[in-house]
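Visitor: What follows is entry.pdb, made up of PDB, C-alpha atoms:
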ATOM      1  CA  MET A   1      -1.117  -8.376 -14.325
ATOM      2  CA  ASN A   2      -4.556  -6.733 -14.647
ATOM      3  CA  LEU A   3      -3.249  -3.448 -16.046
ATOM      4  CA  ILE A   4      -0.322  -2.660 -18.337
ATOM      5  CA  LEU A   5       1.255   0.257 -16.504
ATOM      6  CA  PHE A   6       3.625   2.741 -18.109
ATOM      7  CA  GLU A   7       5.768   5.485 -16.655
ATOM      8  CA  GLU A   8       5.763   8.953 -18.212
ATOM      9  CA  HIS A   9       9.276   8.592 -19.629
ATOM     10  CA  GLU A  10       8.256   5.415 -21.489
ATOM     11  CA  LEU A  11       5.390   6.938 -23.447
ATOM     12  CA  GLY A  12       5.938   6.932 -27.201
ATOM     13  CA  LYS A  13       8.637   4.268 -26.954
ATOM     14  CA  ALA A  14       8.247   0.644 -28.012
ATOM     15  CA  LEU A  15       7.908  -2.016 -25.342
ATOM     16  CA  PRO A  16      11.077  -4.161 -25.569
ATOM     17  CA  ARG A  17      10.711  -7.855 -26.353
ATOM     18  CA  ARG A  18      12.124  -8.946 -22.994
ATOM     19  CA  ASP A  19       9.942  -6.589 -20.974
ATOM     20  CA  GLU A  20       7.603  -8.497 -18.633
ATOM     21  CA  ARG A  21       4.665  -6.463 -19.955
ATOM     22  CA  THR A  22       5.436  -7.615 -23.492
ATOM     23  CA  THR A  23       5.620 -11.205 -22.309
ATOM     24  CA  HIS A  24       2.309 -10.845 -20.512
ATOM     25  CA  LEU A  25       0.569  -9.316 -23.522
ATOM     26  CA  ILE A  26       1.842 -11.838 -26.054
ATOM     27  CA  LYS A  27       2.290 -15.083 -24.153
ATOM     28  CA  VAL A  28      -0.305 -14.804 -21.388
ATOM     29  CA  LEU A  29      -3.072 -12.721 -22.944
ATOM     30  CA  HIS A  30      -2.261 -13.880 -26.489
ATOM     31  CA  LYS A  31      -2.678 -10.382 -27.903
ATOM     32  CA  LYS A  32      -1.807  -9.521 -31.492
ATOM     33  CA  ALA A  33      -1.691  -6.390 -33.634
ATOM     34  CA  GLY A  34      -4.988  -4.523 -33.442
ATOM     35  CA  ASP A  35      -5.997  -5.933 -30.061
ATOM     36  CA  ARG A  36      -6.874  -3.745 -27.082
ATOM     37  CA  PHE A  37      -5.610  -4.041 -23.513
ATOM     38  CA  ASP A  38      -6.185  -2.279 -20.190
ATOM     39  CA  ALA A  39      -3.532   0.371 -19.633
ATOM     40  CA  GLY A  40      -2.546   3.279 -17.425
ATOM     41  CA  VAL A  41       0.235   5.702 -16.569
ATOM     42  CA  LEU A  42       1.815   5.593 -13.121
ATOM     43  CA  GLY A  43       0.356   8.496 -11.168
ATOM     44  CA  GLY A  44      -2.031   9.381 -14.009
ATOM     45  CA  ASN A  45      -5.120   8.190 -15.844
ATOM     46  CA  ARG A  46      -6.084   4.734 -16.990
ATOM     47  CA  GLY A  47      -7.985   3.469 -20.007
ATOM     48  CA  THR A  48      -7.162   1.275 -22.981
ATOM     49  CA  GLY A  49      -4.213   0.620 -25.234
ATOM     50  CA  ILE A  50      -4.039  -0.791 -28.745
ATOM     51  CA  ILE A  51      -1.196  -2.874 -30.132
ATOM     52  CA  GLU A  52      -0.375  -1.054 -33.341
ATOM     53  CA  LYS A  53       2.425  -3.343 -34.475
ATOM     54  CA  ILE A  54       4.640  -6.170 -33.291
ATOM     55  CA  ASN A  55       8.088  -5.527 -34.715
ATOM     56  CA  LEU A  56      10.358  -8.216 -36.142
ATOM     57  CA  ASP A  57      12.578  -7.912 -33.074
ATOM     58  CA  GLY A  58       9.571  -8.730 -30.845
ATOM     59  CA  SER A  59       9.070  -5.226 -29.483
ATOM     60  CA  ILE A  60       5.575  -3.703 -29.426
ATOM     61  CA  LEU A  61       4.363  -0.396 -30.800
ATOM     62  CA  TYR A  62       1.178   0.788 -29.108
ATOM     63  CA  SER A  63      -1.182   3.731 -28.718
ATOM     64  CA  LEU A  64      -3.056   4.750 -25.574
ATOM     65  CA  ASN A  65      -6.431   6.299 -24.847
ATOM     66  CA  LEU A  66      -6.392   7.133 -21.138
ATOM     67  CA  ASP A  67      -9.594   8.980 -20.306
ATOM     68  CA  GLU A  68     -10.490   7.514 -16.912
ATOM     69  CA  ALA A  69      -9.298   8.830 -13.557
ATOM     70  CA  PRO A  70      -7.891   6.257 -11.127
ATOM     71  CA  PRO A  71      -9.950   5.296  -8.074
ATOM     72  CA  PRO A  72      -9.497   7.671  -5.115
ATOM     73  CA  ARG A  73      -7.127   6.753  -2.323
ATOM     74  CA  LEU A  74      -8.811   5.217   0.701
ATOM     75  CA  PRO A  75      -8.357   7.520   3.734
ATOM     76  CA  LEU A  76      -6.307   5.113   5.824
ATOM     77  CA  ARG A  77      -2.685   5.570   6.871
ATOM     78  CA  LEU A  78      -1.000   2.421   8.196
ATOM     79  CA  ALA A  79       2.186   2.428  10.254
ATOM     80  CA  VAL A  80       3.955  -0.824  11.052
ATOM     81  CA  GLY A  81       7.074  -1.760  12.974
ATOM     82  CA  PHE A  82       9.680  -2.982  10.484
ATOM     83  CA  PRO A  83       8.829  -6.573   9.495
ATOM     84  CA  ARG A  84      11.281  -9.161   8.190
ATOM     85  CA  PRO A  85      12.572  -8.113   4.747
ATOM     86  CA  ILE A  86      11.124 -11.292   3.214
ATOM     87  CA  GLN A  87       7.707 -10.220   4.529
ATOM     88  CA  LEU A  88       8.061  -6.554   3.641
ATOM     89  CA  ARG A  89       7.746  -6.976  -0.111
ATOM     90  CA  ARG A  90       4.559  -9.024   0.194
ATOM     91  CA  LEU A  91       3.165  -6.606   2.759
ATOM     92  CA  LEU A  92       3.767  -3.532   0.594
ATOM     93  CA  ARG A  93       2.191  -5.279  -2.383
ATOM     94  CA  ASP A  94      -0.929  -6.298  -0.447
ATOM     95  CA  LEU A  95      -1.430  -2.903   1.240
ATOM     96  CA  SER A  96      -1.032  -1.145  -2.091
ATOM     97  CA  ASN A  97      -3.566  -3.572  -3.534
ATOM     98  CA  LEU A  98      -6.060  -2.353  -0.920
ATOM     99  CA  GLY A  99      -5.633   1.260  -2.062
ATOM    100  CA  LEU A 100      -4.333   2.781   1.188
ATOM    101  CA  GLU A 101      -3.340   6.421   1.260
ATOM    102  CA  ALA A 102       0.023   5.990   2.994
ATOM    103  CA  ILE A 103       2.313   3.398   4.587
ATOM    104  CA  ASP A 104       4.843   4.277   7.285
ATOM    105  CA  LEU A 105       7.638   1.936   8.364
ATOM    106  CA  ILE A 106       8.785   2.674  11.891
ATOM    107  CA  GLY A 107      11.617   1.517  14.107
ATOM    108  CA  THR A 108      10.371   0.123  17.418
ATOM    109  CA  GLU A 109      11.940  -0.839  20.736
ATOM    110  CA  LEU A 110      11.278  -4.580  20.398
ATOM    111  CA  GLY A 111      11.787  -4.804  16.641
ATOM    112  CA  ASP A 112      14.906  -6.324  15.129
ATOM    113  CA  LYS A 113      17.201  -3.409  14.221
ATOM    114  CA  SER A 114      18.684  -5.308  11.271
ATOM    115  CA  TYR A 115      15.329  -5.281   9.475
ATOM    116  CA  ARG A 116      15.739  -1.542   8.858
ATOM    117  CA  ASP A 117      18.750  -2.214   6.606
ATOM    118  CA  THR A 118      16.701  -3.971   3.934
ATOM    119  CA  LYS A 119      17.836  -3.192   0.387
ATOM    120  CA  LEU A 120      14.216  -3.012  -0.744
ATOM    121  CA  LEU A 121      14.224   0.631   0.337
ATOM    122  CA  SER A 122      17.260   1.533  -1.756
ATOM    123  CA  ASP A 123      17.210  -0.745  -4.805
ATOM    124  CA  GLY A 124      13.711   0.020  -6.058
ATOM    125  CA  GLY A 125      12.223  -3.170  -4.680
ATOM    126  CA  ALA A 126       9.770  -1.376  -2.402
ATOM    127  CA  GLU A 127       8.365   0.748  -5.210
ATOM    128  CA  ALA A 128       8.145  -2.322  -7.456
ATOM    129  CA  ALA A 129       6.073  -4.093  -4.799
ATOM    130  CA  LEU A 130       3.751  -1.093  -4.460
ATOM    131  CA  ILE A 131       3.324  -0.955  -8.228
ATOM    132  CA  GLU A 132       2.614  -4.680  -8.382
ATOM    133  CA  GLY A 133      -0.190  -4.254  -5.868
ATOM    134  CA  ALA A 134      -1.641  -1.309  -7.770
ATOM    135  CA  VAL A 135      -1.550  -3.149 -11.095
ATOM    136  CA  GLN A 136      -3.407  -6.087  -9.559
ATOM    137  CA  SER A 137      -6.252  -3.751  -8.553
ATOM    138  CA  ARG A 138      -6.256  -1.883 -11.895
ATOM    139  CA  ASP A 139      -4.928   1.257 -10.219
ATOM    140  CA  THR A 140      -2.306   3.762 -11.341
ATOM    141  CA  LEU A 141      -1.632   5.322  -7.938
ATOM    142  CA  ILE A 142       0.495   3.887  -5.143
ATOM    143  CA  PRO A 143       0.566   4.716  -1.417
ATOM    144  CA  THR A 144       3.071   7.213  -0.091
ATOM    145  CA  LEU A 145       5.859   5.254   1.633
ATOM    146  CA  SER A 146       7.809   6.847   4.501
ATOM    147  CA  VAL A 147      10.378   5.601   7.018
ATOM    148  CA  TYR A 148      10.743   6.726  10.645
ATOM    149  CA  VAL A 149      13.578   5.882  13.003
ATOM    150  CA  SER A 150      11.286   5.409  15.983
ATOM    151  CA  LEU A 151       7.694   5.530  17.165
ATOM    152  CA  GLU A 152       8.565   8.757  19.010
ATOM    153  CA  GLU A 153       9.649  10.420  15.776
ATOM    154  CA  TRP A 154       6.481   9.299  14.013
ATOM    155  CA  LEU A 155       4.211  10.527  16.818
ATOM    156  CA  ALA A 156       6.055  13.846  17.022
ATOM    157  CA  GLU A 157       5.835  14.469  13.287
ATOM    158  CA  LYS A 158       2.163  13.432  12.993
ATOM    159  CA  PRO A 159       2.325  12.864   9.223
ATOM    160  CA  TRP A 160      -1.442  12.346   9.156
ATOM    161  CA  ASP A 161      -1.878  16.070   9.911
ATOM    162  CA  LYS A 162      -0.331  16.914   6.528
ATOM    163  CA  THR A 163      -3.034  15.000   4.674
ATOM    164  CA  ALA A 164      -5.886  15.774   7.057
ATOM    165  CA  ARG A 165      -9.269  16.212   5.425
ATOM    166  CA  LEU A 166     -11.959  18.681   6.348
ATOM    167  CA  GLY A 167     -14.192  17.705   9.229
ATOM    168  CA  LEU A 168     -13.341  15.405  12.107
ATOM    169  CA  GLY A 169      -9.761  14.453  12.796
ATOM    170  CA  PRO A 170      -8.694  10.895  11.969
ATOM    171  CA  LEU A 171      -9.654   7.883  14.024
ATOM    172  CA  LEU A 172      -6.410   6.781  15.749
ATOM    173  CA  ILE A 173      -6.066   3.036  16.351
ATOM    174  CA  ALA A 174      -3.143   1.047  17.740
ATOM    175  CA  ALA A 175      -3.647  -2.680  17.212
ATOM    176  CA  ASP A 176      -2.632  -4.437  20.427
ATOM    177  CA  ASN A 177      -3.676  -7.657  22.124
ATOM    178  CA  VAL A 178      -2.049  -6.823  25.481
ATOM    179  CA  ARG A 179      -4.587  -5.257  27.836
ATOM    180  CA  PRO A 180      -6.588  -3.694  24.984
ATOM    181  CA  GLY A 181      -9.331  -1.201  25.660
ATOM    182  CA  GLY A 182     -11.717  -2.917  23.272
ATOM    183  CA  SER A 183     -11.953  -4.527  19.865
ATOM    184  CA  ILE A 184     -11.604  -2.997  16.410
ATOM    185  CA  ALA A 185     -14.493  -5.177  15.259
ATOM    186  CA  ARG A 186     -16.814  -3.620  17.851
ATOM    187  CA  LEU A 187     -16.221  -0.007  16.884
ATOM    188  CA  SER A 188     -19.226   1.897  15.597
ATOM    189  CA  LEU A 189     -19.275   3.236  12.053
ATOM    190  CA  MET A 190     -17.422   6.564  11.853
ATOM    191  CA  ARG A 191     -17.313   8.556   8.622
ATOM    192  CA  ARG A 192     -13.763   9.866   8.882
ATOM    193  CA  SER A 193     -10.179   9.038   7.947
ATOM    194  CA  ALA A 194      -8.112   6.680  10.097
ATOM    195  CA  VAL A 195      -4.540   6.074  11.217
ATOM    196  CA  LEU A 196      -3.639   2.512  12.132
ATOM    197  CA  ALA A 197      -0.468   1.596  14.049
ATOM    198  CA  ILE A 198       0.703  -2.015  14.230
ATOM    199  CA  GLY A 199       3.716  -3.197  16.189
ATOM    200  CA  PRO A 200       6.553  -5.496  15.063
ATOM    201  CA  GLU A 201       6.634  -9.261  15.512
ATOM    202  CA  ARG A 202       7.266  -8.949  19.252
ATOM    203  CA  GLY A 203       4.665  -6.240  19.734
ATOM    204  CA  TRP A 204       4.808  -2.884  21.453
ATOM    205  CA  SER A 205       6.874  -2.201  24.555
ATOM    206  CA  ASP A 206       5.047  -0.889  27.642
ATOM    207  CA  GLY A 207       6.621   2.515  27.045
ATOM    208  CA  GLU A 208       5.354   2.586  23.477
ATOM    209  CA  ARG A 209       1.872   1.657  24.632
ATOM    210  CA  ASP A 210       1.930   4.620  27.018
ATOM    211  CA  ARG A 211       3.120   6.986  24.282
ATOM    212  CA  LEU A 212       0.446   5.797  21.875
ATOM    213  CA  GLU A 213      -2.266   6.355  24.461
ATOM    214  CA  GLU A 214      -0.875   9.803  25.301
ATOM    215  CA  ALA A 215      -1.068  10.653  21.593
ATOM    216  CA  GLY A 216      -4.764   9.760  21.546
ATOM    217  CA  PHE A 217      -4.595   6.258  20.037
ATOM    218  CA  LEU A 218      -7.172   3.668  21.033
ATOM    219  CA  ARG A 219      -5.440   0.378  21.852
ATOM    220  CA  LEU A 220      -7.742  -2.246  20.348
ATOM    221  CA  SER A 221      -7.452  -5.957  19.711
ATOM    222  CA  MET A 222      -8.330  -8.211  16.792
ATOM    223  CA  GLY A 223      -8.923 -11.271  18.955
ATOM    224  CA  GLU A 224      -6.785 -13.534  21.118
ATOM    225  CA  ARG A 225      -4.600 -15.057  18.404
ATOM    226  CA  ALA A 226      -1.073 -13.826  17.751
ATOM    227  CA  LEU A 227      -0.990 -13.034  14.033
ATOM    228  CA  ARG A 228       1.851 -12.785  11.563
ATOM    229  CA  THR A 229       2.733  -9.194  10.737
ATOM    230  CA  GLU A 230       1.400  -9.525   7.192
ATOM    231  CA  THR A 231      -1.867 -11.038   8.363
ATOM    232  CA  ALA A 232      -2.305  -8.503  11.156
ATOM    233  CA  CYS A 233      -1.755  -5.540   8.808
ATOM    234  CA  VAL A 234      -4.198  -6.700   6.149
ATOM    235  CA  ALA A 235      -6.841  -7.838   8.643
ATOM    236  CA  ALA A 236      -6.614  -4.639  10.696
ATOM    237  CA  ALA A 237      -6.661  -2.472   7.564
ATOM    238  CA  VAL A 238      -9.825  -4.148   6.274
ATOM    239  CA  LEU A 239     -11.519  -3.839   9.677
ATOM    240  CA  ALA A 240     -10.563  -0.159   9.926
ATOM    241  CA  LEU A 241     -11.788   0.550   6.394
ATOM    242  CA  GLU A 242     -15.103  -1.059   7.229
ATOM    243  CA  LYS A 243     -15.407   1.038  10.388
ATOM    244  CA  ILE A 244     -14.883   4.306   8.502
ATOM    245  CA  GLY A 245     -17.400   3.328   5.849
ATOM    246  CA  GLU A 246     -15.010   2.757   2.945
ATOM    247  CA  LEU A 247     -16.101  -0.766   2.047
ATOM    248  CA  GLY A 248     -19.768  -0.047   1.506
TER
END
The structure given in the file should be rewritten as structure tokens.
Guide:
Amino acid sequence: MNLILFEEHELGKALPRRDERTTHLIKVLHKKAGDRFDAGVLGGNRGTGIIEKINLDGSILYSLNLDEAPPPRLPLRLAVGFPRPIQLRRLLRDLSNLGLEAIDLIGTELGDKSYRDTKLLSDGGAEAALIEGAVQSRDTLIPTLSVYVSLEEWLAEKPWDKTARLGLGPLLIAADNVRPGGSIARLSLMRRSAVLAIGPERGWSDGERDRLEEAGFLRLSMGERALRTETACVAAAVLALEKIGELG
């Protein structure tokens, strides 16, 4: 936990003794009254906090000085066919850790339909994973998370148009190892935003490949190996960020 993150409604209230942030401050960081810690507000600024007092009941009174803006979102939107629920939490955490602008979960023709029923999307687990990733990178912002029934719906809605930046349109990439038109690693540097689509465990159907190409996506590979969904998403995201000049 590299940042003690608060939500707006918590400000001015003591941290309860059993709160994981209290445990981290006292038992992991060994903080005491008068000590400083890195802090931030979800969706707001970051800076430092001071432990003003540790109450007899173990709760913590604190003050905050948040005068630093969070790092800007990286201009990459990643869409992925629904992974296994056990993978989804780790994936959301790791993509949030990278600082992506948005994450879209999409239903696909070859994906397991039962994966869409994960409780992570309704019980707060997905947001908790996104926050965990942000905290690890000392960030207070999390990616926008959206769900689409199908690839067709996602392509028709073009959510990347709503966040388009001035200048060139986004670089559209569909990661695919079946008859790819090239390699992500061999793309030239392009100073623009990017949209990255990654299929489910079983990959894209032929019909989906056609629809992606019709929508202007480049079907590019990351090598000959079949990768786990988590690995493919993180590896492709890092490659795409490098190609749009965001890792320099």
Visitor: Would you list the contacts of stretch 189-205 of chain A as a list in words, taking every protein, DNA or RNA residue within 6 Å and counting only C-alpha atoms, but skipping same-chain residues closer than 4 positions in sequence?
Guide: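 After dropping sequence-adjacent residues, the list is Pro75, Leu76, Arg77, Leu78, Ala79, Val80, Gly81, Gly111, Pro170, Leu171, Leu172, Ile173, Ala174, Ala175, Lys243, Ile244 and Gly245 of chain A.
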Visitor: Would you save the residues of that selection, restricted to C-alpha atoms, as a JSON list (two decimals), in the coordinates of the input?
Guide:
[["chain", "number", "residue", "atom", "x", "y", "z"],
["A", 75, "PRO", "CA", -8.36, 7.52, 3.73],
["A", 76, "LEU", "CA", -6.31, 5.11, 5.82],
["A", 77, "ARG", "CA", -2.68, 5.57, 6.87],
["A", 78, "LEU", "CA", -1.00, 2.42, 8.20],
["A", 79, "ALA", "CA", 2.19, 2.43, 10.25],
["A", 80, "VAL", "CA", 3.96, -0.82, 11.05],
["A", 81, "GLY", "CA", 7.07, -1.76, 12.97],
["A", 111, "GLY", "CA", 11.79, -4.80, 16.64],
["A", 170, "PRO", "CA", -8.69, 10.90, 11.97],
["A", 171, "LEU", "CA", -9.65, 7.88, 14.02],
["A", 172, "LEU", "CA", -6.41, 6.78, 15.75],
["A", 173, "ILE", "CA", -6.07, 3.04, 16.35],
["A", 174, "ALA", "CA", -3.14, 1.05, 17.74],
["A", 175, "ALA", "CA", -3.65, -2.68, 17.21],
["A", 243, "LYS", "CA", -15.41, 1.04, 10.39],
["A", 244, "ILE", "CA", -14.88, 4.31, 8.50],
["A", 245, "GLY", "CA", -17.40, 3.33, 5.85]]
Visitor: Distance atom CA of A:Gly47-atom CA of A:Glu246, one decimal place?
Guide: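 Spanning atom CA of A:Gly47 to atom CA of A:Glu246 is a straight-line distance of 24.0 Å.
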Visitor: I'd like to see the residues matched by the PyMOL selection byres ((chain A and resi 54-71) around 7) on this file, and ideally I'd get them as number ranges by chain.
Guide: A: 14-17, 33, 40, 45-53, 72-73, 139-140
Visitor: Please evaluate the PyMOL selection byres ((chain A and resi 180) around 9) against the displayed coordinates and give the resulting residues as a list in words.
Guide: Ala175, Asp176, Asn177, Val178, Arg179, Gly181, Gly182, Ser183, Leu218, Arg219, Leu220 and Ser221 of chain A
Visitor: In Å, how far is it from atom CA of A:Ala128 to atom CA of A:Asp38?
Guide: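 Interatomic distance, atom CA of A:Ala128 to atom CA of A:Asp38: 19.2 Å.
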Visitor: Give me, please, the distance in Å between atom CA of A:Leu130 and atom CA of A:Ser96, quoted to one decimal.
Guide: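 The value is 5.3 Å.
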Visitor: Evaluating the PyMOL selection byres ((chain A and resi 228) around 10) on the displayed file yields which residues, as a PDB file with C-alpha atoms, keeping the file's coordinate frame?
Guide:
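The resulting part-v2.pdb:
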ATOM      1  CA  PRO A  83       8.829  -6.573   9.495  1.00  0.00           C
ATOM      2  CA  GLN A  87       7.707 -10.220   4.529  1.00  0.00           C
ATOM      3  CA  PRO A 200       6.553  -5.496  15.063  1.00  0.00           C
ATOM      4  CA  GLU A 201       6.634  -9.261  15.512  1.00  0.00           C
ATOM      5  CA  ARG A 225      -4.600 -15.057  18.404  1.00  0.00           C
ATOM      6  CA  ALA A 226      -1.073 -13.826  17.751  1.00  0.00           C
ATOM      7  CA  LEU A 227      -0.990 -13.034  14.033  1.00  0.00           C
ATOM      8  CA  THR A 229       2.733  -9.194  10.737  1.00  0.00           C
ATOM      9  CA  GLU A 230       1.400  -9.525   7.192  1.00  0.00           C
ATOM     10  CA  THR A 231      -1.867 -11.038   8.363  1.00  0.00           C
ATOM     11  CA  ALA A 232      -2.305  -8.503  11.156  1.00  0.00           C
ATOM     12  CA  CYS A 233      -1.755  -5.540   8.808  1.00  0.00           C
TER      13      CYS A 233
END
Visitor: Select, from A:Leu105, A:Ile131, A:Leu120, A:Ala39, the residue with the minimum atom-to-atom distance to A:Arg93, counting all atoms listed in the file.
Guide: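 Smallest distance to A:Arg93 is found for A:Ile131.
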Visitor: Could you give me, as a list in words, the residues within 7 Å of stretch 148-154 of chain A, counting all atoms listed in the file and dropping anything in the same chain fewer than 2 positions from it?
Guide: Leu105, Ile106, Gly107, Thr108, Ser146, Ala156, Glu157 and Lys158 of chain A
Visitor: Nearest residue to A:Leu91 out of A:Ala240, A:Glu8, A:Asp19, A:Val234, using all atoms listed in the file?
Guide: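 Among the listed residues, A:Val234 lies closest to A:Leu91.
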Visitor: Would you list the contacts of stretch 114-116 of chain A as an MDAnalysis selection string, taking every protein, DNA or RNA residue within 7 Å and counting all atoms listed in the file, but skipping same-chain residues closer than 3 positions in sequence?
Guide: chainID A and resid 82:85
Visitor: Identify which of the residues A:Lys119, A:Arg186, A:His24, A:Arg211 lies closest to A:Gly223, counting only C-alpha atoms when measuring atom-to-atom distances.
Guide: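 Selected residue with least distance to A:Gly223: A:Arg186.
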Visitor: Of the candidates A:Leu168, A:Leu241, A:Leu5, A:Ala129, which shows the shortest atom-to-atom distance to A:Glu101, using all atoms listed in the file?
Guide: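 Among A:Leu168, A:Leu241, A:Leu5, A:Ala129, it is A:Leu241 that comes nearest to A:Glu101.
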Visitor: Report as AutoDock Vina command-line options the centre and the edge lengths, in Å to one decimal, of the axis-aligned box holding every listed atom of stretch 77-92 of chain A, padded by 6 Å on each side.
Guide:
--center_x 4.9 --center_y -2.9 --center_z 6.4 --size_x 27.3 --size_y 28.9 --size_z 25.1
Visitor: Measuring between all atoms listed in the file, which one of A:Asp112, A:Gly43, A:Glu224, A:Ala236 shows the shortest distance to A:Leu95?
Guide: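 With all atoms listed in the file as the atom set, the closest residue is A:Ala236.
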